[in-house]
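**Q** Just one file: work28.cif, with mmCIF, C-alpha atoms.
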data_upload
loop_
_atom_site.group_PDB
_atom_site.id
_atom_site.type_symbol
_atom_site.label_atom_id
_atom_site.label_comp_id
_atom_site.auth_asym_id
_atom_site.auth_seq_id
_atom_site.Cartn_x
_atom_site.Cartn_y
_atom_site.Cartn_z
ATOM 1 C CA MET A 11 277.144 178.008 106.914
ATOM 2 C CA VAL A 12 274.940 177.481 109.971
ATOM 3 C CA SER A 13 276.825 177.118 113.245
ATOM 4 C CA THR A 14 275.709 174.543 115.768
ATOM 5 C CA PRO A 15 274.332 176.293 118.844
ATOM 6 C CA ARG A 16 276.039 175.756 122.171
ATOM 7 C CA VAL A 17 274.020 175.248 125.300
ATOM 8 C CA PRO A 18 274.736 177.659 128.166
ATOM 9 C CA VAL A 19 275.511 175.801 131.368
ATOM 10 C CA LEU A 20 276.724 178.670 133.544
ATOM 11 C CA ASP A 21 277.480 182.320 132.906
ATOM 12 C CA GLY A 22 280.408 182.259 130.488
ATOM 13 C CA ILE A 23 280.551 178.456 130.282
ATOM 14 C CA PHE A 24 279.020 176.694 127.309
ATOM 15 C CA ALA A 25 278.762 173.033 126.556
ATOM 16 C CA PRO A 26 280.310 172.228 123.164
ATOM 17 C CA PRO A 27 277.920 170.617 120.640
ATOM 18 C CA GLY A 28 276.969 167.129 121.719
ATOM 19 C CA ARG A 29 278.432 167.479 125.204
ATOM 20 C CA ASP A 30 276.605 168.144 128.446
ATOM 21 C CA LEU A 31 279.055 169.417 131.038
ATOM 22 C CA VAL A 32 276.703 168.699 133.928
ATOM 23 C CA THR A 33 277.283 165.230 135.322
ATOM 24 C CA SER A 34 275.594 163.109 137.939
ATOM 25 C CA THR A 35 276.530 159.525 138.708
ATOM 26 C CA GLN A 36 277.534 158.375 135.254
ATOM 27 C CA THR A 37 280.921 158.046 133.647
ATOM 28 C CA THR A 38 281.740 161.391 132.029
ATOM 29 C CA GLY A 39 284.639 162.095 129.712
ATOM 30 C CA GLY A 40 286.184 158.782 130.749
ATOM 31 C CA VAL A 41 286.182 159.682 134.462
ATOM 32 C CA LEU A 42 284.344 157.330 136.755
ATOM 33 C CA SER A 43 281.707 158.927 138.948
ATOM 34 C CA SER A 44 282.519 159.346 142.597
ATOM 35 C CA ALA A 45 279.465 157.137 143.122
ATOM 36 C CA THR A 46 281.763 154.265 142.158
ATOM 37 C CA ILE A 47 283.949 155.105 145.158
ATOM 38 C CA GLU A 48 282.446 153.941 148.415
ATOM 39 C CA THR A 49 281.603 156.933 150.594
ATOM 40 C CA ASP A 50 280.500 157.233 154.180
ATOM 41 C CA PRO A 51 277.371 159.448 154.344
ATOM 42 C CA SER A 52 278.299 160.445 157.886
ATOM 43 C CA ARG A 53 281.546 162.036 156.708
ATOM 44 C CA ALA A 54 281.662 165.813 156.723
ATOM 45 C CA LEU A 55 281.234 167.656 153.445
ATOM 46 C CA GLY A 56 284.440 168.894 151.844
ATOM 47 C CA PRO A 57 284.985 172.270 150.142
ATOM 48 C CA THR A 58 283.099 170.998 147.074
ATOM 49 C CA GLN A 59 280.055 170.334 149.308
ATOM 50 C CA ARG A 60 280.208 166.590 148.693
ATOM 51 C CA PRO A 61 281.009 163.817 151.179
ATOM 52 C CA VAL A 62 284.749 163.232 150.948
ATOM 53 C CA PRO A 63 285.675 159.614 150.110
ATOM 54 C CA GLU A 64 288.543 157.906 151.879
ATOM 55 C CA PHE A 65 291.565 157.844 149.592
ATOM 56 C CA PRO A 66 294.008 155.329 151.103
ATOM 57 C CA GLU A 67 297.768 155.641 150.960
ATOM 58 C CA PRO A 68 298.878 153.673 147.875
ATOM 59 C CA ALA A 69 300.751 150.419 148.201
ATOM 60 C CA PRO A 70 304.356 150.302 146.948
ATOM 61 C CA LEU A 71 304.977 149.078 143.409
ATOM 62 C CA ALA A 72 306.906 145.922 142.630
ATOM 63 C CA GLU A 73 307.852 147.233 139.170
ATOM 64 C CA HIS A 74 307.584 150.467 137.205
ATOM 65 C CA GLY A 75 306.029 151.458 133.877
ATOM 66 C CA PRO A 76 304.582 151.793 131.385
ATOM 67 C CA ALA A 77 303.717 155.411 132.140
ATOM 68 C CA ARG A 78 300.348 157.103 132.032
ATOM 69 C CA ILE A 79 300.865 160.458 130.280
ATOM 70 C CA VAL A 80 298.857 163.372 131.679
ATOM 71 C CA SER A 81 298.688 166.937 130.360
ATOM 72 C CA ILE A 82 298.223 169.681 132.957
ATOM 73 C CA CYS A 83 296.331 172.064 130.731
ATOM 74 C CA ASN A 84 294.434 175.357 130.754
ATOM 75 C CA GLN A 85 294.873 178.135 128.207
ATOM 76 C CA LYS A 86 294.513 180.758 130.935
ATOM 77 C CA GLY A 87 297.740 181.687 132.677
ATOM 78 C CA GLY A 88 298.199 181.909 136.426
ATOM 79 C CA VAL A 89 295.791 179.139 137.399
ATOM 80 C CA GLY A 90 298.367 176.832 138.996
ATOM 81 C CA LYS A 91 299.456 174.549 136.142
ATOM 82 C CA THR A 92 303.162 174.667 136.944
ATOM 83 C CA THR A 93 302.594 174.549 140.709
ATOM 84 C CA THR A 94 300.369 171.506 140.239
ATOM 85 C CA THR A 95 302.833 169.754 137.919
ATOM 86 C CA ILE A 96 305.713 170.188 140.365
ATOM 87 C CA ASN A 97 303.865 169.322 143.546
ATOM 88 C CA LEU A 98 301.659 166.527 142.229
ATOM 89 C CA GLY A 99 304.774 164.979 140.696
ATOM 90 C CA ALA A 100 306.676 165.285 143.971
ATOM 91 C CA ALA A 101 303.771 163.798 145.944
ATOM 92 C CA LEU A 102 303.501 160.849 143.532
ATOM 93 C CA ALA A 103 307.263 160.309 143.852
ATOM 94 C CA GLU A 104 306.891 160.427 147.629
ATOM 95 C CA TYR A 105 304.464 157.508 147.295
ATOM 96 C CA GLY A 106 307.090 155.489 145.413
ATOM 97 C CA ARG A 107 306.040 156.280 141.839
ATOM 98 C CA ARG A 108 308.592 157.114 139.160
ATOM 99 C CA VAL A 109 307.632 160.435 137.589
ATOM 100 C CA LEU A 110 308.888 162.392 134.580
ATOM 101 C CA LEU A 111 307.955 166.077 134.346
ATOM 102 C CA VAL A 112 307.897 167.665 130.894
ATOM 103 C CA ASP A 113 308.304 171.436 130.715
ATOM 104 C CA PHE A 114 306.331 172.247 127.561
ATOM 105 C CA ASP A 115 306.163 175.994 128.083
ATOM 106 C CA PRO A 116 308.745 178.289 126.420
ATOM 107 C CA GLN A 117 308.777 180.402 129.578
ATOM 108 C CA GLY A 118 310.527 177.514 131.341
ATOM 109 C CA ALA A 119 308.643 178.112 134.598
ATOM 110 C CA LEU A 120 308.714 174.432 135.526
ATOM 111 C CA SER A 121 312.501 174.331 135.179
ATOM 112 C CA VAL A 122 312.883 177.524 137.212
ATOM 113 C CA GLY A 123 310.464 176.250 139.874
ATOM 114 C CA LEU A 124 312.683 173.213 140.377
ATOM 115 C CA GLY A 125 315.768 175.322 141.000
ATOM 116 C CA LYS A 126 317.424 174.927 137.599
ATOM 117 C CA GLY A 127 318.356 178.599 137.366
ATOM 118 C CA ASP A 128 318.149 180.494 134.093
ATOM 119 C CA PRO A 129 316.707 178.033 131.553
ATOM 120 C CA ARG A 130 318.399 179.997 128.745
ATOM 121 C CA GLN A 131 321.704 178.549 129.952
ATOM 122 C CA LEU A 132 320.623 174.946 129.369
ATOM 123 C CA ASP A 133 322.512 173.128 126.606
ATOM 124 C CA MET A 134 319.777 170.578 125.856
ATOM 125 C CA THR A 135 316.024 171.022 126.216
ATOM 126 C CA ILE A 136 312.754 169.553 124.997
ATOM 127 C CA HIS A 137 313.277 171.679 121.852
ATOM 128 C CA ASN A 138 316.235 169.473 120.866
ATOM 129 C CA LEU A 139 314.214 166.349 121.531
ATOM 130 C CA LEU A 140 311.387 167.514 119.277
ATOM 131 C CA LEU A 141 313.423 168.697 116.309
ATOM 132 C CA GLU A 142 316.644 166.672 116.278
ATOM 133 C CA SER A 143 316.167 163.088 115.199
ATOM 134 C CA ASP A 144 319.480 161.977 116.741
ATOM 135 C CA THR A 145 318.543 163.315 120.214
ATOM 136 C CA ASP A 146 317.075 160.866 122.725
ATOM 137 C CA TRP A 147 315.135 161.715 125.887
ATOM 138 C CA GLU A 148 318.056 160.428 127.970
ATOM 139 C CA ASP A 149 320.252 163.139 126.423
ATOM 140 C CA VAL A 150 317.882 165.842 127.710
ATOM 141 C CA VAL A 151 316.557 164.545 131.042
ATOM 142 C CA ILE A 152 317.955 166.089 134.233
ATOM 143 C CA ASP A 153 317.647 165.249 137.915
ATOM 144 C CA THR A 154 315.239 167.369 139.967
ATOM 145 C CA GLY A 155 316.732 166.629 143.371
ATOM 146 C CA VAL A 156 313.552 164.720 144.250
ATOM 147 C CA ASP A 157 314.085 160.977 144.480
ATOM 148 C CA GLY A 158 312.098 159.272 141.725
ATOM 149 C CA MET A 159 311.288 162.460 139.781
ATOM 150 C CA ASP A 160 313.090 163.644 136.628
ATOM 151 C CA LEU A 161 312.656 166.625 134.313
ATOM 152 C CA LEU A 162 312.740 167.344 130.596
ATOM 153 C CA PRO A 163 313.498 171.091 130.743
ATOM 154 C CA SER A 164 312.499 173.906 128.413
ATOM 155 C CA ASN A 165 313.483 177.459 127.530
ATOM 156 C CA ILE A 166 312.575 180.189 125.064
ATOM 157 C CA ASP A 167 313.886 178.092 122.150
ATOM 158 C CA LEU A 168 310.649 176.110 122.347
ATOM 159 C CA SER A 169 308.698 179.156 121.141
ATOM 160 C CA GLY A 170 310.215 178.635 117.690
ATOM 161 C CA ALA A 171 309.252 174.974 117.577
ATOM 162 C CA GLU A 172 305.608 175.758 116.839
ATOM 163 C CA VAL A 173 306.591 177.480 113.595
ATOM 164 C CA GLN A 174 309.117 174.787 112.684
ATOM 165 C CA LEU A 175 306.632 171.962 113.298
ATOM 166 C CA VAL A 176 303.976 173.397 110.988
ATOM 167 C CA HIS A 177 305.534 171.829 107.904
ATOM 168 C CA GLU A 178 306.379 168.490 109.534
ATOM 169 C CA VAL A 179 304.494 165.366 108.501
ATOM 170 C CA GLY A 180 302.354 164.193 111.419
ATOM 171 C CA ARG A 181 303.163 167.394 113.294
ATOM 172 C CA GLU A 182 300.569 166.684 116.017
ATOM 173 C CA TYR A 183 302.409 163.488 117.020
ATOM 174 C CA ILE A 184 305.989 164.795 117.343
ATOM 175 C CA LEU A 185 305.935 164.878 121.166
ATOM 176 C CA SER A 186 304.284 161.458 121.334
ATOM 177 C CA GLN A 187 307.120 159.974 119.287
ATOM 178 C CA ALA A 188 309.734 161.817 121.342
ATOM 179 C CA LEU A 189 308.395 160.379 124.616
ATOM 180 C CA LYS A 190 307.833 156.854 123.323
ATOM 181 C CA SER A 191 311.106 155.397 124.561
ATOM 182 C CA ALA A 192 310.714 157.064 127.995
ATOM 183 C CA VAL A 193 307.314 155.505 128.721
ATOM 184 C CA PRO A 194 308.639 152.108 129.947
ATOM 185 C CA HIS A 195 310.875 153.804 132.538
ATOM 186 C CA TYR A 196 308.212 155.774 134.431
ATOM 187 C CA ASP A 197 304.832 155.308 136.062
ATOM 188 C CA TYR A 198 303.576 158.814 135.233
ATOM 189 C CA ILE A 199 304.632 161.518 132.799
ATOM 190 C CA LEU A 200 303.189 164.961 133.614
ATOM 191 C CA ILE A 201 303.280 167.619 130.884
ATOM 192 C CA ASP A 202 303.153 171.257 131.968
ATOM 193 C CA CYS A 203 301.426 172.940 128.992
ATOM 194 C CA GLN A 204 301.807 176.560 127.966
ATOM 195 C CA PRO A 205 298.854 178.960 128.439
ATOM 196 C CA SER A 206 297.746 178.589 124.830
ATOM 197 C CA LEU A 207 295.752 176.215 122.642
ATOM 198 C CA GLY A 208 298.284 176.185 119.798
ATOM 199 C CA LEU A 209 300.213 173.368 118.168
ATOM 200 C CA LEU A 210 302.385 172.667 121.216
ATOM 201 C CA THR A 211 299.325 172.095 123.401
ATOM 202 C CA VAL A 212 297.723 169.937 120.704
ATOM 203 C CA ASN A 213 300.941 167.883 120.675
ATOM 204 C CA ALA A 214 300.686 167.435 124.442
ATOM 205 C CA LEU A 215 297.037 166.329 124.212
ATOM 206 C CA ALA A 216 297.824 163.971 121.331
ATOM 207 C CA ALA A 217 300.541 162.317 123.428
ATOM 208 C CA SER A 218 298.424 162.027 126.586
ATOM 209 C CA HIS A 219 296.092 159.471 128.077
ATOM 210 C CA GLY A 220 294.380 162.096 130.225
ATOM 211 C CA VAL A 221 294.007 165.815 130.916
ATOM 212 C CA LEU A 222 294.061 167.422 134.349
ATOM 213 C CA ILE A 223 292.565 170.928 134.313
ATOM 214 C CA PRO A 224 293.607 173.319 137.120
ATOM 215 C CA LEU A 225 290.903 175.975 137.461
ATOM 216 C CA GLU A 226 291.345 179.010 139.669
ATOM 217 C CA CYS A 227 288.368 179.639 141.942
ATOM 218 C CA GLU A 228 287.747 183.023 140.363
ATOM 219 C CA TYR A 229 284.963 184.084 138.010
ATOM 220 C CA PHE A 230 287.060 185.072 134.990
ATOM 221 C CA ALA A 231 288.983 181.791 135.163
ATOM 222 C CA MET A 232 285.750 179.936 134.389
ATOM 223 C CA ARG A 233 284.895 181.901 131.284
ATOM 224 C CA GLY A 234 287.593 180.398 129.055
ATOM 225 C CA VAL A 235 286.896 176.785 129.924
ATOM 226 C CA ALA A 236 284.460 176.236 127.034
ATOM 227 C CA LEU A 237 287.223 176.860 124.478
ATOM 228 C CA LEU A 238 289.495 174.351 126.220
ATOM 229 C CA MET A 239 286.702 171.759 126.263
ATOM 230 C CA GLU A 240 286.100 172.286 122.545
ATOM 231 C CA THR A 241 289.816 171.789 121.858
ATOM 232 C CA ILE A 242 289.812 168.567 123.883
ATOM 233 C CA ASP A 243 286.740 167.386 121.958
ATOM 234 C CA LYS A 244 288.467 168.052 118.634
ATOM 235 C CA VAL A 245 291.605 166.195 119.719
ATOM 236 C CA GLN A 246 289.463 163.277 120.898
ATOM 237 C CA GLY A 247 287.549 163.193 117.625
ATOM 238 C CA ARG A 248 290.385 163.689 115.165
ATOM 239 C CA ILE A 249 293.729 162.797 116.749
ATOM 240 C CA ASN A 250 293.537 160.893 120.048
ATOM 241 C CA PRO A 251 290.240 159.026 120.617
ATOM 242 C CA SER A 252 291.479 157.516 123.896
ATOM 243 C CA LEU A 253 292.052 160.912 125.548
ATOM 244 C CA VAL A 254 289.957 161.428 128.697
ATOM 245 C CA ILE A 255 289.507 164.195 131.225
ATOM 246 C CA ASP A 256 291.134 162.969 134.431
ATOM 247 C CA GLY A 257 289.588 165.766 136.455
ATOM 248 C CA VAL A 258 289.126 169.453 137.193
ATOM 249 C CA LEU A 259 291.150 170.807 140.110
ATOM 250 C CA GLY A 260 290.013 173.854 142.054
ATOM 251 C CA THR A 261 293.052 176.017 142.858
ATOM 252 C CA MET A 262 293.732 179.236 144.782
ATOM 253 C CA TYR A 263 290.718 178.539 146.981
ATOM 254 C CA ASP A 264 290.081 180.764 149.986
ATOM 255 C CA SER A 265 287.234 179.562 152.190
ATOM 256 C CA ARG A 266 287.089 182.958 153.902
ATOM 257 C CA THR A 267 285.695 184.668 150.807
ATOM 258 C CA LEU A 268 282.157 184.205 149.531
ATOM 259 C CA HIS A 269 283.336 184.669 145.947
ATOM 260 C CA THR A 270 285.677 181.661 145.865
ATOM 261 C CA ARG A 271 283.101 179.483 147.627
ATOM 262 C CA GLU A 272 280.466 180.452 145.070
ATOM 263 C CA VAL A 273 282.812 179.906 142.131
ATOM 264 C CA LEU A 274 283.826 176.462 143.401
ATOM 265 C CA GLY A 275 280.144 175.598 143.786
ATOM 266 C CA ARG A 276 279.469 176.634 140.205
ATOM 267 C CA ILE A 277 282.443 174.607 138.964
ATOM 268 C CA VAL A 278 280.909 171.558 140.636
ATOM 269 C CA GLU A 279 277.527 172.408 139.061
ATOM 270 C CA ALA A 280 279.156 172.521 135.628
ATOM 271 C CA PHE A 281 281.519 169.547 135.848
ATOM 272 C CA GLY A 282 279.984 167.354 138.554
ATOM 273 C CA ASP A 283 282.038 164.305 139.420
ATOM 274 C CA GLN A 284 284.888 165.414 137.179
ATOM 275 C CA VAL A 285 285.832 167.902 139.920
ATOM 276 C CA PHE A 286 288.368 166.537 142.377
ATOM 277 C CA HIS A 287 287.360 166.438 146.021
ATOM 278 C CA THR A 288 290.807 167.807 146.810
ATOM 279 C CA VAL A 289 291.025 171.590 146.586
ATOM 280 C CA ILE A 290 294.262 173.591 146.609
ATOM 281 C CA ASN A 291 294.087 176.543 148.969
ATOM 282 C CA ARG A 292 295.696 179.910 148.331
ATOM 283 C CA THR A 293 298.838 180.269 150.456
ATOM 284 C CA VAL A 294 302.068 182.265 150.346
ATOM 285 C CA ARG A 295 304.025 179.052 150.876
ATOM 286 C CA PHE A 296 303.692 178.144 147.182
ATOM 287 C CA PRO A 297 305.552 181.216 145.845
ATOM 288 C CA ASP A 298 308.052 180.828 148.701
ATOM 289 C CA ALA A 299 308.726 177.248 147.601
ATOM 290 C CA THR A 300 309.111 178.404 143.984
ATOM 291 C CA VAL A 301 311.726 180.960 145.006
ATOM 292 C CA ALA A 302 313.548 178.191 146.895
ATOM 293 C CA GLY A 303 313.366 175.958 143.806
ATOM 294 C CA GLU A 304 311.703 173.103 145.701
ATOM 295 C CA PRO A 305 308.338 171.329 145.744
ATOM 296 C CA ILE A 306 306.143 172.349 148.673
ATOM 297 C CA THR A 307 306.474 168.787 150.010
ATOM 298 C CA PHE A 308 310.209 169.489 150.501
ATOM 299 C CA PHE A 309 310.108 173.174 151.352
ATOM 300 C CA ASP A 310 307.383 172.908 154.004
ATOM 301 C CA PRO A 311 306.402 169.232 154.293
ATOM 302 C CA ASN A 312 303.859 169.747 157.080
ATOM 303 C CA SER A 313 302.082 172.693 155.480
ATOM 304 C CA MET A 314 298.477 172.731 154.321
ATOM 305 C CA GLY A 315 299.678 172.999 150.699
ATOM 306 C CA ALA A 316 301.929 169.948 150.974
ATOM 307 C CA ASN A 317 299.155 167.874 152.515
ATOM 308 C CA ALA A 318 296.704 169.058 149.836
ATOM 309 C CA TYR A 319 298.947 167.780 147.045
ATOM 310 C CA ARG A 320 299.484 164.493 148.863
ATOM 311 C CA GLY A 321 295.702 164.225 149.051
ATOM 312 C CA LEU A 322 295.440 164.981 145.328
ATOM 313 C CA ALA A 323 298.058 162.309 144.583
ATOM 314 C CA ARG A 324 296.034 159.717 146.495
ATOM 315 C CA GLU A 325 292.842 160.804 144.725
ATOM 316 C CA VAL A 326 294.279 160.687 141.208
ATOM 317 C CA LEU A 327 295.820 157.288 141.896
ATOM 318 C CA VAL A 328 292.356 155.967 142.795
ATOM 319 C CA ARG A 329 290.849 157.525 139.658
ATOM 320 C CA TRP A 330 293.604 156.193 137.406
ATOM 321 C CA ARG A 331 293.287 152.736 138.966
ATOM 322 C CA ASP A 332 289.534 152.709 138.342
ATOM 323 C CA LEU A 333 290.014 153.878 134.749
ATOM 324 C CA GLU A 334 292.418 150.980 134.150
ATOM 325 C CA LYS A 335 289.907 148.555 135.639
ATOM 326 C CA ALA A 336 287.161 149.967 133.416
ATOM 327 C CA LYS A 337 289.240 149.156 130.324
ATOM 328 C CA VAL A 338 289.434 145.466 131.202
#
Give the structure from the file, written as structure tokens.

**A**
Amino acid sequence: MVSTPRVPVLDGIFAPPGRDLVTSTQTTGGVLSSATIETDPSRALGPTQRPVPEFPEPAPLAEHGPARIVSICNQKGGVGKTTTTINLGAALAEYGRRVLLVDFDPQGALSVGLGKGDPRQLDMTIHNLLLESDTDWEDVVIDTGVDGMDLLPSNIDLSGAEVQLVHEVGREYILSQALKSAVPHYDYILIDCQPSLGLLTVNALAASHGVLIPLECEYFAMRGVALLMETIDKVQGRINPSLVIDGVLGTMYDSRTLHTREVLGRIVEAFGDQVFHTVINRTVRFPDATVAGEPITFFDPNSMGANAYRGLAREVLVRWRDLEKAKV
């Protein structure tokens, strides 16, 4: 059997067969180029060394739903998936959107980060929703303390679900079916995926309209991206043809170090307009907020981190709006 060669794009990053990761002004992976967003050439360059478009504050909604489902996904741990899920969700809720967070990691970090204590003490979790046909999402959902944002929690029980789902008919679509009745009640459903590319992550991708990829601005974080892109390609080709990449988010950025600046530059070289203009800086306020069990927008609402996630919320709302327009 002859394997199809992959084209090296950057050190440690390869384009899967048939895909060129380098983008310019065209639509790539379902994401509209930033060239479609009017920019002012006189505006200063942002951290990604591109002119930063103006992302206006979104108008209030007259009605809610159906939800866009987005997986926050990267098989590498410690890149900011859970932090992004919590704080992007809180920022979207702050702008009047109804948001459901799905903790799809057996470690239960999302539940802990929202102040729910020891997730092992929870009576009902996403595990029940997946495997018990008489359990509805409303039986599992809990309040986060953030107006407009709810949570489907998780704990270590979910680690057994992957084995139990193997023999299920249509096992890749179990989460999609479980969330179906929740979709009309929310504007956005954000799934915090585990650091793995196993069956649980495939379920999340199969249920989603888009994927948001947090990528730490560190060299080794880039090296595993090719495997994630190949997994997304396979899900697009075999399970969920409508799945798109909503964007790549640079996290843990520190403008004071040459290394993080160089890595962010190489991420932009590899992914072009799929990279968000918003970058999440490294700050101790994020772990402090996690210990407090609150989103950064609550814990320190005027901090750089809180404003960064508000900026990301405005940017993704523009991207999602343009994707909806492109479908018409």

**Q** At what distance in Å, to one decimal, does atom CA of A:Pro311 lie from atom CA of A:Leu102?

**A**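 Atom-to-atom, atom CA of A:Leu102 to atom CA of A:Pro311, that is 13.9 Å.
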
**Q** Evaluate the PyMOL selection byres ((chain A and resi 246) around 12) here and jot the selected residues down as a short mmCIF file (atom, residue, chain, number, x, y, z; two decimals) with C-alpha atoms, in the frame of the given file.

**A**
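Okay, this is what ended up in out.cif:
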data_model
loop_
_atom_site.label_atom_id
_atom_site.label_comp_id
_atom_site.auth_asym_id
_atom_site.auth_seq_id
_atom_site.Cartn_x
_atom_site.Cartn_y
_atom_site.Cartn_z
CA GLY A 39 284.64 162.10 129.71
CA GLY A 40 286.18 158.78 130.75
CA VAL A 212 297.72 169.94 120.70
CA LEU A 215 297.04 166.33 124.21
CA ALA A 216 297.82 163.97 121.33
CA ALA A 217 300.54 162.32 123.43
CA SER A 218 298.42 162.03 126.59
CA HIS A 219 296.09 159.47 128.08
CA GLY A 220 294.38 162.10 130.22
CA VAL A 221 294.01 165.82 130.92
CA MET A 239 286.70 171.76 126.26
CA GLU A 240 286.10 172.29 122.54
CA THR A 241 289.82 171.79 121.86
CA ILE A 242 289.81 168.57 123.88
CA ASP A 243 286.74 167.39 121.96
CA LYS A 244 288.47 168.05 118.63
CA VAL A 245 291.60 166.20 119.72
CA GLY A 247 287.55 163.19 117.62
CA ARG A 248 290.38 163.69 115.16
CA ILE A 249 293.73 162.80 116.75
CA ASN A 250 293.54 160.89 120.05
CA PRO A 251 290.24 159.03 120.62
CA SER A 252 291.48 157.52 123.90
CA LEU A 253 292.05 160.91 125.55
CA VAL A 254 289.96 161.43 128.70
CA ILE A 255 289.51 164.20 131.22
#

**Q** I want to know what sits within 12 Å of A:Ala72, based on only C-alpha atoms, with residues of the same chain fewer than 5 positions away left out; could you give that as an mmCIF file with C-alpha atoms, in the frame of the given file?

**A**
data_model
loop_
_atom_site.group_PDB
_atom_site.id
_atom_site.type_symbol
_atom_site.label_atom_id
_atom_site.label_comp_id
_atom_site.auth_asym_id
_atom_site.auth_seq_id
_atom_site.Cartn_x
_atom_site.Cartn_y
_atom_site.Cartn_z
ATOM 1 C CA GLY A 106 307.090 155.489 145.413
ATOM 2 C CA ARG A 107 306.040 156.280 141.839
ATOM 3 C CA ARG A 108 308.592 157.114 139.160
ATOM 4 C CA ASP A 197 304.832 155.308 136.062
#

**Q** Write out as a tab-separated table (two decimals) with C-alpha atoms, keeping the file's coordinate frame each polymer residue whose atoms come within 8 Å of stretch 292-309 of chain A, counting only C-alpha atoms; drop sequence neighbours fewer than 2 positions from it.

**A**
chain	number	residue	atom	x	y	z
A	93	THR	CA	302.59	174.55	140.71
A	96	ILE	CA	305.71	170.19	140.36
A	97	ASN	CA	303.86	169.32	143.55
A	100	ALA	CA	306.68	165.28	143.97
A	101	ALA	CA	303.77	163.80	145.94
A	122	VAL	CA	312.88	177.52	137.21
A	123	GLY	CA	310.46	176.25	139.87
A	124	LEU	CA	312.68	173.21	140.38
A	125	GLY	CA	315.77	175.32	141.00
A	126	LYS	CA	317.42	174.93	137.60
A	261	THR	CA	293.05	176.02	142.86
A	262	MET	CA	293.73	179.24	144.78
A	263	TYR	CA	290.72	178.54	146.98
A	264	ASP	CA	290.08	180.76	149.99
A	290	ILE	CA	294.26	173.59	146.61
A	311	PRO	CA	306.40	169.23	154.29
A	312	ASN	CA	303.86	169.75	157.08
A	313	SER	CA	302.08	172.69	155.48
A	315	GLY	CA	299.68	173.00	150.70
A	316	ALA	CA	301.93	169.95	150.97
A	317	ASN	CA	299.15	167.87	152.51

**Q** Run the PyMOL selection byres ((chain A and resi 198) around 6) against the file shown and list the residues it catches, as an MDAnalysis selection string.

**A** chainID A and resid 77:79 109 196:197 199

**Q** Export C-alpha atoms of the chosen residues as a PDB file, in the frame of the given file?

**A**
ATOM      1  CA  ALA A  77     303.717 155.411 132.140  1.00  0.00           C
ATOM      2  CA  ARG A  78     300.348 157.103 132.032  1.00  0.00           C
ATOM      3  CA  ILE A  79     300.865 160.458 130.280  1.00  0.00           C
ATOM      4  CA  VAL A 109     307.632 160.435 137.589  1.00  0.00           C
ATOM      5  CA  TYR A 196     308.212 155.774 134.431  1.00  0.00           C
ATOM      6  CA  ASP A 197     304.832 155.308 136.062  1.00  0.00           C
ATOM      7  CA  ILE A 199     304.632 161.518 132.799  1.00  0.00           C
TER       8      ILE A 199
END

**Q** From the set A:Phe65, A:Leu209, A:Glu73, A:Ile152, which residue has the shortest atom-to-atom contact distance to A:Phe114, counting all atoms listed in the file?

**A** A:Leu209

**Q** On this structure, which residues satisfy the PyMOL selection byres ((chain A and resi 210) around 12), written as a PyMOL selection string?

**A** chain A and resi 81+83+85+113-116+136-137+140+168-176+181-186+201-209+211-217

**Q** Let me make sure I understand: among A:Tyr105, A:Leu55, A:Leu322, A:Asp167, which one has the smallest atom-to-atom distance to A:Leu71 if we use all atoms listed in the file?

**A**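 Using all atoms listed in the file, A:Leu71 sits closest to A:Tyr105.
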
**Q** Which of these, A:Asp256, A:Tyr229, A:Glu148, A:Pro129, has the shortest distance to A:Leu327 once you count only C-alpha atoms?

**A** A:Asp256

**Q** Could you state the separation of atom CA of A:Val156 and atom CA of A:Glu334 in Å, given to one decimal place?

**A**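 Value for the atom CA of A:Val156-atom CA of A:Glu334 distance: 27.2 Å.
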
**Q** Determine the nearest neighbour of A:Gln284 from the options A:Arg130, A:Arg329, A:Arg320, A:Arg266, counting all atoms listed in the file.

**A** A:Arg329

**Q** Please report, as AutoDock Vina command-line options, the centre and edge lengths in Å to one decimal of an axis-aligned box covering all listed atoms of stretch 129-133 of chain A with 3 Å per side.

**A**
--center_x 319.6 --center_y 176.6 --center_z 129.1 --size_x 11.8 --size_y 12.9 --size_z 10.9

**Q** So which one's closest to A:Ile166, A:Leu132, A:Ala192, A:Cys227, A:Ala336? Using only C-alpha atoms, please.

**A**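 Looking only at the distances to A:Ile166, the closest residue turns out to be A:Leu132.
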
**Q** Calculate how many Å separate atom CA of A:Ala236 from atom CA of A:Arg276, rounding to one decimal.

**A**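 Distance between the two atoms: 14.1 Å.
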